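Chemist: protein_34.tsv is reproduced below (TSV, C-alpha atoms).
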chain	number	residue	atom	x	y	z
A	1	MET	CA	1.06	19.09	-10.65
A	2	SER	CA	4.47	20.61	-11.45
A	3	GLU	CA	4.31	23.83	-13.44
A	4	LYS	CA	6.61	22.31	-16.03
A	5	TYR	CA	4.07	19.65	-16.92
A	6	ASN	CA	1.05	21.82	-16.39
A	7	LYS	CA	1.64	24.05	-19.39
A	8	CYS	CA	-1.58	25.08	-21.05
A	9	ILE	CA	-1.96	23.67	-24.55
A	10	MET	CA	-5.30	25.27	-25.28
A	11	THR	CA	-7.90	27.40	-23.59
A	12	ILE	CA	-11.48	27.19	-24.78
A	13	GLU	CA	-13.65	30.09	-23.73
A	14	ASN	CA	-17.44	30.18	-23.70
A	15	ASN	CA	-18.04	26.46	-23.91
A	16	GLU	CA	-21.81	26.08	-23.76
A	17	ILE	CA	-23.75	22.84	-23.62
A	18	SER	CA	-27.34	22.81	-24.76
A	19	LEU	CA	-30.11	20.52	-23.56
A	20	MET	CA	-30.24	18.55	-26.80
A	21	MET	CA	-26.47	18.22	-26.90
A	22	TYR	CA	-26.34	16.81	-23.38
A	23	GLY	CA	-29.19	14.38	-24.05
A	24	ASN	CA	-27.49	13.18	-27.19
A	25	ALA	CA	-24.12	12.89	-25.46
A	26	TYR	CA	-25.71	10.98	-22.57
A	27	MET	CA	-27.17	8.52	-25.05
A	28	ILE	CA	-23.80	8.08	-26.81
A	29	ALA	CA	-22.10	7.55	-23.44
A	30	HIS	CA	-24.59	4.80	-22.64
A	31	MET	CA	-23.99	3.22	-26.03
A	32	ARG	CA	-20.33	2.97	-25.15
A	33	ARG	CA	-20.48	2.18	-21.44
A	34	GLY	CA	-24.04	1.75	-20.28
A	35	ARG	CA	-27.39	0.14	-20.91
A	36	LEU	CA	-27.29	0.75	-24.63
A	37	LYS	CA	-24.05	-1.15	-25.11
A	38	GLY	CA	-24.55	-3.95	-27.58
A	39	LYS	CA	-28.15	-2.97	-28.32
A	40	GLU	CA	-27.82	-4.08	-31.92
A	41	TRP	CA	-26.65	-7.52	-30.82
A	42	LYS	CA	-29.46	-7.89	-28.34
A	43	ALA	CA	-32.02	-6.78	-30.91
A	44	SER	CA	-30.60	-9.20	-33.47
A	45	ILE	CA	-30.94	-12.12	-31.03
A	46	PHE	CA	-34.62	-11.34	-30.64
A	47	PHE	CA	-34.88	-10.91	-34.39
A	48	ALA	CA	-33.38	-14.37	-34.87
A	49	ILE	CA	-35.88	-15.87	-32.41
A	50	TRP	CA	-38.70	-14.00	-34.17
A	51	CYS	CA	-37.56	-15.42	-37.52
A	52	CYS	CA	-37.58	-18.94	-36.06
A	53	CYS	CA	-41.12	-18.39	-34.77
A	54	MET	CA	-42.28	-17.06	-38.15
A	55	PHE	CA	-40.67	-20.02	-39.90
A	56	TYR	CA	-42.38	-22.41	-37.50
A	57	MET	CA	-45.73	-20.70	-38.04
A	58	ALA	CA	-45.19	-20.86	-41.79
A	59	LEU	CA	-44.67	-24.60	-41.48
A	60	LYS	CA	-47.94	-24.80	-39.55
A	61	HIS	CA	-49.65	-22.79	-42.34
A	62	TYR	CA	-50.12	-19.76	-40.04
A	63	ASP	CA	-52.63	-21.53	-37.84
A	64	LEU	CA	-52.36	-18.91	-35.10
A	65	ILE	CA	-55.14	-20.21	-32.88
A	66	SER	CA	-53.73	-23.67	-32.35
A	67	ASN	CA	-50.15	-22.35	-31.98
A	68	PRO	CA	-50.41	-19.63	-29.36
A	69	VAL	CA	-46.91	-20.13	-27.95
A	70	PRO	CA	-44.94	-19.13	-31.08
A	71	VAL	CA	-47.38	-16.27	-31.63
A	72	GLY	CA	-46.76	-15.05	-28.07
A	73	ILE	CA	-43.01	-15.44	-28.42
A	74	SER	CA	-42.93	-13.58	-31.75
A	75	ILE	CA	-44.94	-10.69	-30.26
A	76	ILE	CA	-42.54	-10.50	-27.32
A	77	CYS	CA	-39.57	-10.62	-29.68
A	78	LEU	CA	-41.02	-7.81	-31.81
A	79	TYR	CA	-41.50	-5.71	-28.70
A	80	MET	CA	-37.97	-6.41	-27.46
A	81	MET	CA	-36.47	-5.47	-30.84
A	82	THR	CA	-38.42	-2.21	-30.78
A	83	TYR	CA	-37.40	-1.70	-27.16
A	84	TYR	CA	-33.66	-2.02	-27.77
A	85	LEU	CA	-33.59	-0.15	-31.06
A	86	PHE	CA	-36.00	2.71	-30.39
A	87	ILE	CA	-37.62	2.83	-26.95
A	88	LEU	CA	-34.54	2.43	-24.74
A	89	PRO	CA	-32.30	4.91	-26.65
A	90	ASN	CA	-35.07	7.49	-26.51
A	91	ARG	CA	-35.60	6.84	-22.83
A	92	ILE	CA	-31.89	7.24	-22.09
A	93	LYS	CA	-31.80	10.45	-24.11
A	94	LEU	CA	-34.73	11.82	-22.13
A	95	LYS	CA	-32.96	10.80	-18.91
A	96	GLY	CA	-29.93	12.80	-20.03
A	97	GLU	CA	-32.12	15.81	-20.73
A	98	HIS	CA	-33.74	15.37	-17.34
A	99	ILE	CA	-30.32	15.39	-15.67
A	100	TYR	CA	-29.44	18.56	-17.57
A	101	LYS	CA	-32.66	20.25	-16.45
A	102	SER	CA	-32.04	19.20	-12.84
A	103	SER	CA	-28.63	20.86	-12.84
A	104	HIS	CA	-27.88	24.55	-12.40
A	105	MET	CA	-24.26	23.99	-13.38
A	106	LEU	CA	-24.47	22.24	-16.73
A	107	ASN	CA	-26.12	25.19	-18.46
A	108	LYS	CA	-23.46	27.65	-17.34
A	109	THR	CA	-20.82	28.97	-19.72
A	110	GLU	CA	-17.56	27.17	-19.09
A	111	LYS	CA	-13.90	27.76	-19.65
A	112	VAL	CA	-11.97	24.64	-20.57
A	113	THR	CA	-8.21	24.51	-20.14
A	114	ILE	CA	-6.37	21.67	-21.83
A	115	THR	CA	-2.94	20.69	-20.52
A	116	ARG	CA	-0.57	17.85	-21.26
A	117	ASP	CA	-1.83	15.72	-18.39
A	118	GLY	CA	-5.40	16.76	-18.01
A	119	TYR	CA	-8.09	19.37	-18.21
A	120	THR	CA	-9.86	21.94	-16.07
A	121	ILE	CA	-13.46	22.93	-16.61
A	122	GLU	CA	-14.50	26.09	-14.82
A	123	ASN	CA	-17.67	28.08	-14.57
A	124	LYS	CA	-18.80	30.82	-12.25
A	125	TYR	CA	-19.41	28.43	-9.35
A	126	GLU	CA	-17.14	25.42	-9.72
A	127	ALA	CA	-13.97	24.01	-11.21
A	128	LEU	CA	-13.56	20.40	-12.18
A	129	ILE	CA	-10.06	19.00	-12.63
A	130	GLY	CA	-9.42	15.75	-14.46
A	131	TYR	CA	-6.65	13.72	-15.99
A	132	TRP	CA	-6.50	12.01	-19.36
A	133	THR	CA	-5.71	8.73	-17.64
A	134	ASP	CA	-9.21	8.80	-16.14
A	135	ILE	CA	-10.87	8.99	-19.51
A	136	LEU	CA	-12.48	5.76	-20.63
A	137	ASP	CA	-13.67	6.96	-24.02
A	138	CYS	CA	-13.18	10.03	-26.19
A	139	ILE	CA	-15.74	10.47	-28.95
A	140	GLU	CA	-15.79	13.15	-31.60
A	141	THR	CA	-19.16	13.86	-33.19
A	142	ASN	CA	-20.18	16.48	-35.76
A	143	SER	CA	-20.98	19.04	-33.07
A	144	TYR	CA	-18.96	18.23	-29.95
A	145	TYR	CA	-16.24	16.21	-28.27
A	146	LEU	CA	-17.43	13.86	-25.57
A	147	MET	CA	-15.22	12.35	-22.91
A	148	ILE	CA	-16.38	9.73	-20.45
A	149	SER	CA	-14.48	9.78	-17.20
A	150	GLU	CA	-14.00	6.78	-14.95
A	151	TYR	CA	-13.75	9.03	-11.94
A	152	SER	CA	-16.56	11.51	-12.41
A	153	LYS	CA	-20.20	10.87	-13.30
A	154	ARG	CA	-20.27	14.13	-15.20
A	155	LEU	CA	-19.79	13.95	-18.95
A	156	ILE	CA	-17.10	16.20	-20.36
A	157	ILE	CA	-18.48	17.89	-23.44
A	158	ILE	CA	-16.65	20.46	-25.54
A	159	SER	CA	-18.86	22.09	-28.11
A	160	LYS	CA	-17.36	22.70	-31.54
A	161	LYS	CA	-19.33	25.95	-31.82
A	162	CYS	CA	-16.88	27.68	-29.50
A	163	LEU	CA	-13.86	26.50	-31.51
A	164	ASP	CA	-12.55	27.95	-34.73
A	165	ASP	CA	-11.21	25.63	-37.45
A	166	GLU	CA	-7.63	25.83	-36.24
A	167	GLN	CA	-8.57	25.10	-32.63
A	168	ASN	CA	-10.82	22.28	-33.73
A	169	GLU	CA	-8.05	20.63	-35.71
A	170	LYS	CA	-5.52	21.19	-32.93
A	171	LEU	CA	-7.81	19.69	-30.30
A	172	ALA	CA	-8.68	16.68	-32.46
A	173	GLU	CA	-4.99	16.01	-33.10
A	174	PHE	CA	-4.14	16.39	-29.44
A	175	LEU	CA	-6.87	14.01	-28.29
A	176	LYS	CA	-5.94	11.44	-30.93
A	177	LYS	CA	-2.32	11.63	-29.86
A	178	THR	CA	-3.04	11.54	-26.11
A	179	MET	CA	-5.64	8.80	-26.16
A	180	PRO	CA	-5.11	6.82	-29.36
A	181	ALA	CA	-6.86	3.66	-28.18
A	182	LYS	CA	-9.82	5.53	-26.72
A	183	TYR	CA	-10.45	8.10	-29.42
A	184	ARG	CA	-13.31	7.57	-31.87
A	185	LYS	CA	-15.03	9.66	-34.45
A	186	THR	CA	-18.71	9.11	-35.15
A	187	LYS	CA	-21.01	10.49	-37.78
A	188	LYS	CA	-23.70	11.51	-35.26
B	189	MET	CA	-14.41	38.87	-1.01
B	190	SER	CA	-14.44	39.62	2.74
B	191	GLU	CA	-13.74	36.81	5.16
B	192	LYS	CA	-16.92	34.98	6.05
B	193	THR	CA	-17.36	32.81	9.10
B	194	PRO	CA	-18.54	29.32	8.21
B	195	ILE	CA	-21.48	27.80	10.04
B	196	LEU	CA	-19.85	24.39	9.89
B	197	THR	CA	-16.72	22.89	8.36
B	198	ALA	CA	-15.59	19.34	7.73
B	199	ASP	CA	-12.34	17.79	6.53
B	200	TYR	CA	-12.60	14.17	5.60
B	201	ILE	CA	-11.88	11.35	3.24
B	202	ILE	CA	-14.53	8.93	2.05
B	203	THR	CA	-13.93	5.46	3.44
B	204	GLU	CA	-15.30	2.19	2.11
B	205	HIS	CA	-18.03	2.22	4.75
B	206	ASP	CA	-19.01	5.78	3.86
B	207	TYR	CA	-19.30	4.81	0.21
B	208	ILE	CA	-21.40	1.78	1.04
B	209	HIS	CA	-23.70	3.80	3.32
B	210	THR	CA	-24.12	6.39	0.56
B	211	SER	CA	-25.13	3.72	-1.94
B	212	LEU	CA	-27.55	2.17	0.55
B	213	ALA	CA	-29.08	5.56	1.32
B	214	GLN	CA	-29.60	6.27	-2.38
B	215	ARG	CA	-31.24	2.90	-2.83
B	216	ARG	CA	-33.48	3.46	0.18
B	217	PHE	CA	-34.61	6.78	-1.24
B	218	LYS	CA	-35.41	5.32	-4.65
B	219	THR	CA	-37.43	2.43	-3.21
B	220	SER	CA	-41.02	3.42	-2.64
B	221	LYS	CA	-43.00	2.14	0.34
B	222	ALA	CA	-45.67	0.88	-2.03
B	223	ASP	CA	-43.20	-1.35	-3.86
B	224	ARG	CA	-41.94	-2.81	-0.60
B	225	LEU	CA	-45.45	-3.42	0.63
B	226	ILE	CA	-46.55	-5.13	-2.58
B	227	MET	CA	-43.48	-7.37	-2.66
B	228	ASN	CA	-43.96	-8.30	1.02
B	229	ILE	CA	-47.67	-9.06	0.56
B	230	LEU	CA	-47.10	-11.13	-2.55
B	231	GLY	CA	-44.26	-12.95	-0.86
B	232	ILE	CA	-46.28	-13.78	2.23
B	233	LEU	CA	-49.19	-14.94	0.08
B	234	ALA	CA	-46.90	-17.16	-1.96
B	235	ILE	CA	-45.40	-18.69	1.20
B	236	PHE	CA	-48.82	-19.40	2.73
B	237	ILE	CA	-50.27	-20.84	-0.45
B	238	GLY	CA	-47.18	-22.94	-1.03
B	239	LEU	CA	-47.17	-24.26	2.54
B	240	TYR	CA	-50.90	-24.97	2.48
B	241	MET	CA	-50.72	-26.85	-0.82
B	242	LEU	CA	-47.61	-28.71	0.27
B	243	ILE	CA	-49.26	-29.95	3.43
B	244	PHE	CA	-52.80	-30.59	2.20
B	245	SER	CA	-52.56	-31.23	-1.53
B	246	GLY	CA	-52.11	-34.58	-3.19
B	247	ASP	CA	-48.92	-36.49	-3.79
B	248	GLY	CA	-46.56	-36.19	-6.71
B	249	ILE	CA	-42.94	-35.17	-6.91
B	250	ILE	CA	-43.55	-32.52	-9.56
B	251	LYS	CA	-46.33	-30.89	-7.54
B	252	THR	CA	-44.17	-30.95	-4.43
B	253	ILE	CA	-41.32	-29.30	-6.31
B	254	CYS	CA	-43.70	-26.64	-7.68
B	255	TRP	CA	-44.99	-25.76	-4.20
B	256	ILE	CA	-41.47	-25.68	-2.80
B	257	LEU	CA	-40.49	-23.32	-5.64
B	258	LEU	CA	-43.48	-21.14	-4.82
B	259	ILE	CA	-42.40	-20.98	-1.18
B	260	ALA	CA	-38.85	-20.15	-2.28
B	261	MET	CA	-40.15	-17.35	-4.53
B	262	GLY	CA	-42.19	-16.04	-1.62
B	263	LEU	CA	-39.15	-16.01	0.63
B	264	PHE	CA	-37.18	-14.25	-2.10
B	265	SER	CA	-39.89	-11.64	-2.52
B	266	VAL	CA	-40.14	-10.94	1.20
B	267	SER	CA	-36.39	-10.73	1.68
B	268	PHE	CA	-35.61	-8.80	-1.51
B	269	TYR	CA	-35.86	-5.27	-0.18
B	270	GLU	CA	-34.63	-6.13	3.31
B	271	ILE	CA	-31.73	-8.50	2.72
B	272	ILE	CA	-30.97	-9.38	-0.90
B	273	GLY	CA	-31.16	-5.87	-2.37
B	274	PRO	CA	-28.97	-4.22	0.31
B	275	SER	CA	-26.48	-7.08	0.07
B	276	LEU	CA	-26.17	-6.61	-3.69
B	277	VAL	CA	-25.78	-2.86	-3.25
B	278	ARG	CA	-23.08	-3.40	-0.60
B	279	TYR	CA	-21.22	-5.81	-2.86
B	280	GLN	CA	-21.35	-3.47	-5.85
B	281	ALA	CA	-20.38	-0.42	-3.79
B	282	LYS	CA	-17.44	-2.27	-2.25
B	283	ASN	CA	-16.17	-3.27	-5.69
B	284	GLU	CA	-16.60	0.26	-7.06
B	285	TYR	CA	-14.76	1.75	-4.09
B	286	ASN	CA	-11.88	-0.70	-4.32
B	287	ALA	CA	-11.55	-0.05	-8.05
B	288	ASN	CA	-11.24	3.71	-7.50
B	289	LYS	CA	-9.81	4.12	-4.01
B	290	GLU	CA	-6.43	5.47	-5.15
B	291	LYS	CA	-8.24	8.36	-6.81
B	292	ILE	CA	-10.32	9.26	-3.77
B	293	GLY	CA	-8.72	12.20	-2.07
B	294	SER	CA	-9.50	14.29	0.97
B	295	ARG	CA	-12.22	16.87	0.87
B	296	ASN	CA	-12.95	20.06	2.75
B	297	ILE	CA	-16.49	21.37	3.04
B	298	ALA	CA	-17.46	24.68	4.58
B	299	PHE	CA	-21.07	25.78	5.00
B	300	TYR	CA	-21.73	29.51	4.91
B	301	GLU	CA	-24.95	31.49	5.14
B	302	ASP	CA	-25.34	31.75	1.37
B	303	GLU	CA	-23.23	28.97	-0.13
B	304	VAL	CA	-21.31	25.78	0.34
B	305	LYS	CA	-17.62	25.75	-0.40
B	306	ILE	CA	-16.16	22.42	-1.44
B	307	VAL	CA	-12.46	21.84	-2.02
B	308	SER	CA	-10.77	18.62	-3.04
B	309	ASP	CA	-7.83	17.83	-5.29
B	310	ARG	CA	-10.15	17.43	-8.29
B	311	TYR	CA	-12.99	19.79	-7.50
B	312	ARG	CA	-13.51	23.32	-6.24
B	313	GLY	CA	-16.97	24.73	-5.83
B	314	ASN	CA	-18.79	27.66	-4.26
B	315	ILE	CA	-22.35	26.55	-4.71
B	316	PRO	CA	-25.32	28.57	-3.47
B	317	TYR	CA	-27.88	26.49	-1.55
B	318	ARG	CA	-30.55	27.19	-4.16
B	319	TYR	CA	-28.43	25.48	-6.83
B	320	PHE	CA	-28.47	22.09	-5.22
B	321	PHE	CA	-30.94	19.72	-6.78
B	322	GLN	CA	-31.72	17.89	-3.56
B	323	VAL	CA	-30.20	16.98	-0.20
B	324	LEU	CA	-30.88	13.62	1.37
B	325	ASP	CA	-30.44	13.12	5.09
B	326	ASP	CA	-29.93	9.47	5.98
B	327	LYS	CA	-28.94	7.80	9.24
B	328	LYS	CA	-25.22	7.73	8.40
B	329	VAL	CA	-24.67	10.16	5.52
B	330	ILE	CA	-25.95	13.41	4.10
B	331	ILE	CA	-25.95	13.49	0.29
B	332	PHE	CA	-25.84	16.80	-1.55
B	333	TYR	CA	-27.03	16.39	-5.14
B	334	ILE	CA	-25.60	18.95	-7.56
B	335	ASP	CA	-27.82	17.40	-10.18
B	336	GLU	CA	-29.80	14.18	-10.41
B	337	ASN	CA	-26.64	12.20	-11.11
B	338	ASP	CA	-23.78	14.04	-9.45
B	339	TYR	CA	-23.49	14.25	-5.68
B	340	ILE	CA	-21.22	14.86	-2.72
B	341	SER	CA	-21.78	12.81	0.38
B	342	ILE	CA	-20.78	13.77	3.88
B	343	PRO	CA	-20.56	11.03	6.52
B	344	LYS	CA	-22.32	11.91	9.75
B	345	ARG	CA	-19.51	10.40	11.79
B	346	LEU	CA	-17.74	13.77	11.36
B	347	PHE	CA	-20.32	15.58	13.43
B	348	THR	CA	-20.84	15.60	17.17
B	349	ASP	CA	-23.74	16.80	19.31
B	350	LYS	CA	-22.12	20.24	19.36
B	351	ASP	CA	-22.80	20.53	15.63
B	352	ASN	CA	-26.57	19.95	15.91
B	353	ASP	CA	-27.43	23.67	15.92
B	354	ALA	CA	-25.26	24.24	12.86
B	355	LEU	CA	-26.89	21.31	11.06
B	356	GLU	CA	-30.35	22.65	11.87
B	357	ARG	CA	-29.35	26.02	10.45
B	358	ILE	CA	-28.11	24.37	7.26
B	359	LYS	CA	-31.36	22.42	6.97
B	360	SER	CA	-33.33	25.64	7.25
B	361	LEU	CA	-31.18	27.26	4.54
B	362	LEU	CA	-31.87	24.33	2.22
B	363	GLY	CA	-35.61	24.60	2.68
B	364	LYS	CA	-37.66	22.28	0.49
B	365	LYS	CA	-34.60	20.69	-1.04
B	366	TYR	CA	-33.85	18.93	2.23
B	367	VAL	CA	-35.36	15.44	2.44
B	368	ARG	CA	-35.08	13.09	5.38
B	369	ILE	CA	-34.99	9.49	4.26
B	370	ASN	CA	-36.85	6.86	6.24
B	371	GLN	CA	-34.07	5.80	8.51
B	372	ARG	CA	-35.20	2.33	9.42
B	373	LYS	CA	-32.28	-0.05	8.71
Render the structure in this file as C-alpha cells.
Modeler:
Amino acid sequence: MSEKYNKCIMTIENNEISLMMYGNAYMIAHMRRGRLKGKEWKASIFFAIWCCCMFYMALKHYDLISNPVPVGISIICLYMMTYYLFILPNRIKLKGEHIYKSSHMLNKTEKVTITRDGYTIENKYEALIGYWTDILDCIETNSYYLMISEYSKRLIIISKKCLDDEQNEKLAEFLKKTMPAKYRKTKK
Amino acid sequence: MSEKTPILTADYIITEHDYIHTSLAQRRFKTSKADRLIMNILGILAIFIGLYMLIFSGDGIIKTICWILLIAMGLFSVSFYEIIGPSLVRYQAKNEYNANKEKIGSRNIAFYEDEVKIVSDRYRGNIPYRYFFQVLDDKKVIIFYIDENDYISIPKRLFTDKDNDALERIKSLLGKKYVRINQRK
C-alpha cells in the first residue's frame, strides 16, 4: 500500500477480547451470515404449522388418541421452535467460546491500527492485515464493534472498553462513512 | 534477534487442488470410523432386504417401488462417505476458491526450533509450536490449526524426499498436537 493512502486514522491500544464477548460475537456473526440467519422466520413457520395442528385437534375435540399424527407433528413443531429460538443460538455461542478457548492468540492483548483502506491487528505473535472491502458486515453493539471478513475466518472485534468517548465516536463515524451499507447498530 | 537457521522453509501459493485437498482432509478428520461403519452396515442391510423382497415378495407396483426406494437408500448410505460426501466437499471447495482466488496471495513459511514464522501479504506470525491447537497430517496436505477454526495448510507437493528428516524433526517438536489422518482415499 502506498504511504500516502496508508495514513493511520486511529490506533487502539490494549484491545482485549474476553471469552463471553467472543462467544456473543460469534453468535451475532452467525445470525448475520451463518446457521442462525433467519431463525425467527424458520421458527415462525413451525409455529404456523403448530397452530394448524392445534386448530385441527380443537376441531376433533382434542381426541389425542385417535389423532396421533397431528399430535406428533405439533410436538415436533414445538421442539423445532425451541431449537431455533433457544437451543441453536446457545449452541453456537458455546461453539464460539470453545473456539476462543482453543486459541492462544485470541486472548492476547492487541493493537489495532485503522487506516483509510484497512486495518492491522497485532499482538505479540502475529499481525493480521485486512481491507474494508473484505468486510461483509460491521455491527456495533453496546460493548464492542464486530466485523465479519469475507477473507478471514477470524472475527474482528474491537472492544469499547479500550476506547474513550472521543475515540468511540470517531471510530463509529469512520465505520459508518466507510461501510454505509454494511454498518449496523444493535442493542445487544 | 540473532539470525536463526530454519529447519525447513517453503514458498508457495495455494492452488485450487490444494484448497480442495485441505477441505477433504478436514472432512476425513471429522468423520469418525464408527459413523462410516454404521452407515455402511445399514446401507448393505437395506440393499439386501430390498433385493430379497423385490425378488421373493408378492406383486404390486407400490410394493415394488418401495423396495426399489429401499435399495436406492441403501446405495446412498453406502456411497455417502466414499463418493457423495467427498464430491459435495470438492464442489463447495472449488466454488469457495474461485470466489476468493484473487485474494489468495503467496506465502512463506519457515520452521525453526522454537517457532514457525509465517509471512504473507495479509498475515505475519511468529508462532511457538505449543500455541498451535492441532496439526493434521494428511496424504496431500499438512494443516496447522491456530485455533479450532483458523488454519494454515501446506501442500506436501512442496517437499521432496530430502525434506523427510526436517519433517520428522518438526513432528517431534509438535508432540501430541501432531495427528496423522487415516490416509486411505
Chemist: Identify the residues within 6 Å of coordinate (-11.8, 21.9, -9.9) (same frame as the file), considering only C-alpha atoms, and give the answer as an MDAnalysis selection string.
Modeler: (chainID A and resid 127:129) or (chainID B and resid 310:312)
Chemist: With C-alpha atoms retained, write the just-selected residues as a PDB file, in the coordinates of the input.
Modeler:
ATOM      1  CA  ALA A 127     -13.970  24.010 -11.210  1.00  0.00           C
ATOM      2  CA  LEU A 128     -13.560  20.400 -12.180  1.00  0.00           C
ATOM      3  CA  ILE A 129     -10.060  19.000 -12.630  1.00  0.00           C
TER       4      ILE A 129
ATOM      5  CA  ARG B 310     -10.150  17.430  -8.290  1.00  0.00           C
ATOM      6  CA  TYR B 311     -12.990  19.790  -7.500  1.00  0.00           C
ATOM      7  CA  ARG B 312     -13.510  23.320  -6.240  1.00  0.00           C
TER       8      ARG B 312
END
Chemist: Do me a favour and pick out the residues of chain B within 8 Å of chain A, using only C-alpha atoms, as a short mmCIF file (atom, residue, chain, number, x, y, z; two decimals) with C-alpha atoms, in the frame of the given file.
Modeler:
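Once everything was written out, this is out.cif:
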data_model
loop_
_atom_site.label_atom_id
_atom_site.label_comp_id
_atom_site.auth_asym_id
_atom_site.auth_seq_id
_atom_site.Cartn_x
_atom_site.Cartn_y
_atom_site.Cartn_z
CA ASN B 288 -11.24 3.71 -7.50
CA LYS B 291 -8.24 8.36 -6.81
CA ASP B 309 -7.83 17.83 -5.29
CA ARG B 310 -10.15 17.43 -8.29
CA TYR B 311 -12.99 19.79 -7.50
CA ARG B 312 -13.51 23.32 -6.24
CA GLY B 313 -16.97 24.73 -5.83
CA ASN B 314 -18.79 27.66 -4.26
CA ILE B 315 -22.35 26.55 -4.71
CA TYR B 319 -28.43 25.48 -6.83
CA PHE B 320 -28.47 22.09 -5.22
CA PHE B 321 -30.94 19.72 -6.78
CA ILE B 334 -25.60 18.95 -7.56
CA ASP B 335 -27.82 17.40 -10.18
CA GLU B 336 -29.80 14.18 -10.41
CA ASN B 337 -26.64 12.20 -11.11
CA ASP B 338 -23.78 14.04 -9.45
#
Chemist: Could you tell me which of B:Lys192, B:Arg318, B:Lys328, B:Lys344 comes closest to B:Lys364 if we count only C-alpha atoms?
Modeler: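 Smallest separation from B:Lys364 among the options: B:Arg318.
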Chemist: Could you check the closest approach to B:Phe268 for each of B:Ile292, B:Val304, B:Leu230, B:Leu324 and tell me which residue wins, using only C-alpha atoms?
Modeler: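 The shortest atom-to-atom distance to B:Phe268 comes from B:Leu230.
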Chemist: Rounded to one decimal, what separation in Å do you get between atom CA of B:Thr193 and atom CA of B:Asp302?
Modeler: 11.2 Å
Chemist: In terms of the shortest atom-to-atom distance over all atoms listed in the file, which of B:Asn296, B:Asn352, B:Ser308, B:Asn228 is closest to B:Tyr269?
Modeler: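 Nearest candidate to B:Tyr269 out of B:Asn296, B:Asn352, B:Ser308, B:Asn228: B:Asn228.
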Chemist: Near stretch 109-115 of chain A, counting only C-alpha atoms, which residues have an atom at most 7 Å away, once you skip same-chain residues fewer than 3 positions from it, shown as a PyMOL selection string?
Modeler: chain A and resi 6-16+118-123
Chemist: Please enclose the listed atoms of stretch 27-30 of chain A in an axis-aligned box, pad each side by 8 Å, and write out the centre and the three edge lengths in Å, rounded to one decimal, as AutoDock Vina command-line options.
Modeler:
--center_x -24.6 --center_y 6.7 --center_z -24.7 --size_x 21.1 --size_y 19.7 --size_z 20.2
Chemist: Do you know which residues lie at most 10 Å from (-32.7, 2.2, -23.1), with coordinates as in the file and all atoms listed in the file counted, and could you write them as a list in words?
Modeler: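 I get Met27, His30, Met31, Gly34, Arg35, Leu36, Lys37, Lys39, Tyr83, Tyr84, Leu85, Phe86, Ile87, Leu88, Pro89, Asn90, Arg91, Ile92, Lys93, Leu94 and Lys95 of chain A for the residues within 10 Å of that point.
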Chemist: Could you name the residues that touch A:Met20 at 8 Å or less, counting all atoms listed in the file, but leaving out those on the same chain fewer than 3 positions away, as a PDB file with C-alpha atoms, keeping the file's coordinate frame?
Modeler:
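out-v6.pdb, written as the output of this step:
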ATOM      1  CA  GLY A  23     -29.190  14.380 -24.050  1.00  0.00           C
ATOM      2  CA  ASN A  24     -27.490  13.180 -27.190  1.00  0.00           C
ATOM      3  CA  GLU A  97     -32.120  15.810 -20.730  1.00  0.00           C
TER       4      GLU A  97
END
Chemist: What is the distance, in Å and to one decimal place, between atom CA of A:Trp41 and atom CA of A:Met80?
Modeler: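 A separation of 11.9 Å between them.
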Chemist: Would you work out the distance separating atom CA of B:Ile201 from atom CA of B:Ser294, expressed in Å to one decimal?
Modeler: 4.4 Å
Chemist: In terms of the shortest atom-to-atom distance over all atoms listed in the file, which of A:Ala181, A:Ile156, A:Lys187, A:Tyr145 is closest to A:Glu169?
Modeler: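 Nearest candidate to A:Glu169 out of A:Ala181, A:Ile156, A:Lys187, A:Tyr145: A:Tyr145.
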Chemist: Can you pull stretch 279-289 of chain B out of that block with N, CA and C atoms and hand it back as a PDB file, in the first residue's frame?
Modeler:
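Result file is result_4.pdb:
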ATOM      1  N   TYR B 279     -16.976 -29.874  -4.608  1.00  0.00           N
ATOM      2  CA  TYR B 279     -17.776 -28.862  -5.310  1.00  0.00           C
ATOM      3  C   TYR B 279     -17.789 -27.553  -4.515  1.00  0.00           C
ATOM      4  N   GLN B 280     -18.027 -27.677  -3.211  1.00  0.00           N
ATOM      5  CA  GLN B 280     -18.093 -26.480  -2.371  1.00  0.00           C
ATOM      6  C   GLN B 280     -16.724 -25.797  -2.291  1.00  0.00           C
ATOM      7  N   ALA B 281     -15.678 -26.605  -2.141  1.00  0.00           N
ATOM      8  CA  ALA B 281     -14.324 -26.043  -2.032  1.00  0.00           C
ATOM      9  C   ALA B 281     -13.934 -25.320  -3.323  1.00  0.00           C
ATOM     10  N   LYS B 282     -14.302 -25.926  -4.444  1.00  0.00           N
ATOM     11  CA  LYS B 282     -13.983 -25.312  -5.742  1.00  0.00           C
ATOM     12  C   LYS B 282     -14.682 -23.954  -5.870  1.00  0.00           C
ATOM     13  N   ASN B 283     -15.929 -23.899  -5.477  1.00  0.00           N
ATOM     14  CA  ASN B 283     -16.681 -22.638  -5.550  1.00  0.00           C
ATOM     15  C   ASN B 283     -16.091 -21.586  -4.618  1.00  0.00           C
ATOM     16  N   GLU B 284     -15.728 -22.011  -3.410  1.00  0.00           N
ATOM     17  CA  GLU B 284     -15.140 -21.074  -2.433  1.00  0.00           C
ATOM     18  C   GLU B 284     -13.814 -20.531  -2.960  1.00  0.00           C
ATOM     19  N   TYR B 285     -13.010 -21.417  -3.527  1.00  0.00           N
ATOM     20  CA  TYR B 285     -11.701 -20.996  -4.045  1.00  0.00           C
ATOM     21  C   TYR B 285     -11.873 -20.004  -5.190  1.00  0.00           C
ATOM     22  N   ASN B 286     -12.761 -20.325  -6.106  1.00  0.00           N
ATOM     23  CA  ASN B 286     -12.963 -19.450  -7.268  1.00  0.00           C
ATOM     24  C   ASN B 286     -13.535 -18.094  -6.861  1.00  0.00           C
ATOM     25  N   ALA B 287     -14.309 -18.083  -5.784  1.00  0.00           N
ATOM     26  CA  ALA B 287     -14.880 -16.807  -5.315  1.00  0.00           C
ATOM     27  C   ALA B 287     -13.805 -15.919  -4.686  1.00  0.00           C
ATOM     28  N   ASN B 288     -12.747 -16.532  -4.151  1.00  0.00           N
ATOM     29  CA  ASN B 288     -11.740 -15.753  -3.415  1.00  0.00           C
ATOM     30  C   ASN B 288     -10.340 -15.791  -4.021  1.00  0.00           C
ATOM     31  N   LYS B 289     -10.197 -16.345  -5.203  1.00  0.00           N
ATOM     32  CA  LYS B 289      -8.832 -16.614  -5.685  1.00  0.00           C
ATOM     33  C   LYS B 289      -7.993 -15.362  -5.942  1.00  0.00           C
TER      34      LYS B 289
END
